[in-house]
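S.K.: Quick one: structure below, then a few questions.
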Amino acid sequence: MNANAVIFDIQNQFKPLPKAFNKKKFILSYGVVNDPILSEIQNFSKKQCLGREVWPEIKNINAWMLSAETAHFMKWGGLGMVASELPEVFNTVFGKNGDKISVVTPLYIGNTGKKKAAWETEGVYLGAENKKINLKKIGVLIVPFMGSKQNLVKYKVNVYQGVFNDTNHFFFENQRFFSINPHKNNPSAQDGCYVLNEFNVNEVERFAFFSKSTYCFLKEILSGNIKNVEAPNILLANDWHSGEISGLTKYFSDALLLQKKMSPELSQKLKSLPIVHIAHHLGYQGWDYHNTAKILNSLYEDTATLVFKNAKAIKNSNPRATNTLIVHDTYNQASCNFHLADRVVTVSKNYMEEVSKELGFGFDFRDILKIRKDHRTFFGIVNGYEKKLISPNKNKIDAINSYFKITDFRVFDENQLEEKNHNKEEFIKLISKIASDKAYKNSVIPLIDTYNFEDISKEVKNPAKTPILCATSRLVEQKGYDILAQAFLKIVHQFDDFKNELPILVLGGAGDDKNFEMLQNLKDKVAKINPSAAKRIFVFRGYRDQFAYAIQLAADFYLMPCRFEPCGLTQMEAMAKGTLPIAMSTGGLVDTVDDGVNGFRTEVFFSERRRVYGANLTAQRLKNNVNAYAETLQKALNTFYDNPSLITEMKKNAMMKDFGWNVKDGSLYKYYNLLKFGHL
């Protein structure tokens, strides 16, 4: 092929991808090119995964945390906690040396019914978590993106800056993409920043626009068009929501250079900006089959065909992942960063091992992550959790007593565990009042569905010797409520002629009908075996912070029969309150729960009948996760009844455990090394 033919071919590829191109059978092939820029695009994935790019010398860290969620202004899960806590603690510890992390996030406006965010007054934003921040408008971006008629529209994005908890925040405002007013067809399970909104914009399109806005913001700063903002020297992409940022900085910048629409200097600045992708749960990747062409054309504009045809993935054994922009035939927002980020980090060391070894955990990226792990571009860092936020504290407990009116919950620590026994009495009183007084129930947990709650105030003779077991996680498959139900049914027969106090189970959370019905069935099945035991099972659906907090203040055990748990924060919250996890040996639960020391863990863990954790002989004996969890549940209850002094010691250990970001050799210092040097 002569040079002129190559130039003609390149020019022919400066066009959007055909509508619904992914819905037709096509074979991706990558021809040998002699244009250095096209060659660079084709080899980016290989270079990044193998760590061949030299980490830049960074005198002072000036990082941006790109996040769809923040704990203060829009939180739906643990990634929102990371987006707020990591920058704030980092700035407190390292800020005096000139190192800092700023937060970049959408400015959401609207009301989902559960989450509400609005401008309170001019310059004062009230986020969905009822926190206020004073904001100053610092610029307006023009962000090209496909509109509802499949044409490229130049959307205006207002950029605001403010400081919250001594941490700099940048907010992007655009009504179409960041409205959270739900569409009439919004699925009931979608809420917060994940709604299908009034403009028919779904979560994948919303966060693709967020990545594009971030790219345009960077371009304006580095071009000198926004002069009052210092350009970052590293980006932290918080999960799939900003998963396209490396494709934009590394692919799109090259494509614009090839098209002579960007200077070599600006292109190099954007391409060389190191990106660290934080992967939380790999099951969430941000895919959209229906809008694949629309989103890729929105991101890469008239270079979309050229970029797509050269976006070659690193060679691996998965034929579904040969292109970095799509998986099989579907746009996948996490894919770009998994292939192109300079470093990938997940939220616990054990989860890193799982996703790079097991197809059921790593999904289509298992082989790529294995390559990254082997070449030291993939790391596991356990999420931190500020202990002062989750330990029992007087202000929180006073507020709960005021809310429930009939309770006298008390503050306690590892040296005052007798007060936890007092809290068990108070919780039994509370749950019995909710069961017996419908008006009271509707006033304190109005949006929570309960199933056959029963008054047990006269049944429980000795609360201190009554084990209270709880689970207040989301009612989703991940959390393994079905495993718990089957495991409990395996051991319920031991309670037939029981001399000790029967256990109390409190199970529920926000979630779907299927899991709620399954827990109802558990109570019904136990009632046929042992009505007295069933009376002490409390099943609910919905979430109320005061109720969940009260449960943990009293509970002895927190049930975590999870199918997977990348890090987990609920076990940390529980341990801080002297509530011992009974956990599956998966993900971050292995890194945070020491079996027999500050909680209980299964001896083995299976993924689709394959042993992932534990000794082979034990796996052969137990055979599956239900048996493994039933054995561990039995062990915890036996220890409670037969060795209460050990339980007391374990509760002390749990409460003394500090998962704070900045404990000695803690996660904060690992992140510092990663950002500064590119390794831990």
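Starting from 1 in every chain, residues are counted up; chains themselves are A, B, ... following the order of the structure tokens, and ligands are numbered from 1 as listed.
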Excluding same-chain residues fewer than 2 positions from segment 152-163 of chain A, what lies within 7 Å of it counting only C-alpha atoms, as a VMD selection string?

M.R.: chain A and resid 133 to 147 150 165 to 174 298

S.K.: Mind running segment 102-207 of chain A against segment 332-355 of chain A at 10 Å and telling me each contacting residue's nearest atom pair with the distance in Å (one decimal), counting only C-alpha atoms, chain and number ascending, as a tab-separated table?

M.R.:
```
residue	atom	partner	partner_atom	distance
A:Val204	CA	A:Gln333	CA	7.5
A:Glu205	CA	A:Gln333	CA	9.6
A:Phe207	CA	A:Gln333	CA	8.7
```

S.K.: What parts of segment 353-572 of chain A does DSSP call helix (DSSP H, G or I)? I'd like the answer as an MDAnalysis selection string.

M.R.: chainID A and resid 353:355 359:374 387:390 394:404 418:436 438:444 463:465 477:479 481:495 513:529 531:535 545:554 570:572

S.K.: Apply DSSP to the backbone of this structure and, from segment 473-665 of chain A, keep only the residues in strand (DSSP E or B); write these as number ranges by chain.

M.R.: A: 475, 504-509, 511, 537-541, 557-560, 580-583, 595, 599-601, 605-607, 610-613

S.K.: Once you have the residues from the selection above, write them out as a short mmCIF file (atom, residue, chain, number, x, y, z; two decimals), in the first residue's frame, restricted to C-alpha atoms.

M.R.:
```cif
data_model
loop_
_atom_site.label_atom_id
_atom_site.label_comp_id
_atom_site.auth_asym_id
_atom_site.auth_seq_id
_atom_site.Cartn_x
_atom_site.Cartn_y
_atom_site.Cartn_z
CA LEU A 475 -32.01 -7.03 48.84
CA ILE A 504 -33.48 -13.15 66.89
CA LEU A 505 -33.04 -12.53 63.15
CA VAL A 506 -33.63 -9.07 61.62
CA LEU A 507 -33.34 -9.24 57.85
CA GLY A 508 -34.04 -6.68 55.17
CA GLY A 509 -33.14 -3.58 53.21
CA GLY A 511 -34.39 -4.07 47.08
CA ILE A 537 -37.61 -13.61 62.61
CA PHE A 538 -38.27 -10.03 61.45
CA VAL A 539 -38.34 -9.52 57.68
CA PHE A 540 -38.69 -6.11 56.06
CA ARG A 541 -38.11 -4.24 52.81
CA PHE A 557 -23.75 -10.62 64.58
CA TYR A 558 -23.93 -9.09 61.12
CA LEU A 559 -24.74 -11.62 58.38
CA MET A 560 -22.77 -11.36 55.12
CA LEU A 580 -19.36 -9.44 64.64
CA PRO A 581 -19.57 -10.26 60.92
CA ILE A 582 -20.47 -13.81 59.92
CA ALA A 583 -19.02 -13.54 56.44
CA ASP A 595 -11.83 -15.46 61.50
CA GLY A 599 -15.63 -12.09 63.28
CA PHE A 600 -16.37 -15.40 61.61
CA ARG A 601 -15.63 -16.42 58.01
CA PHE A 605 -15.77 -20.12 49.18
CA PHE A 606 -17.11 -21.34 45.83
CA SER A 607 -17.88 -19.63 42.56
CA ARG A 610 -15.47 -24.08 41.77
CA ARG A 611 -13.33 -23.59 44.87
CA VAL A 612 -11.98 -20.05 44.98
CA TYR A 613 -10.84 -19.85 48.60
#
```

S.K.: Taking into account only C-alpha atoms, which residue in the set A:Asn616, A:Asn185, A:Asn238, A:Asn197 is nearest to Leu86 of chain A?

M.R.: A:Asn238
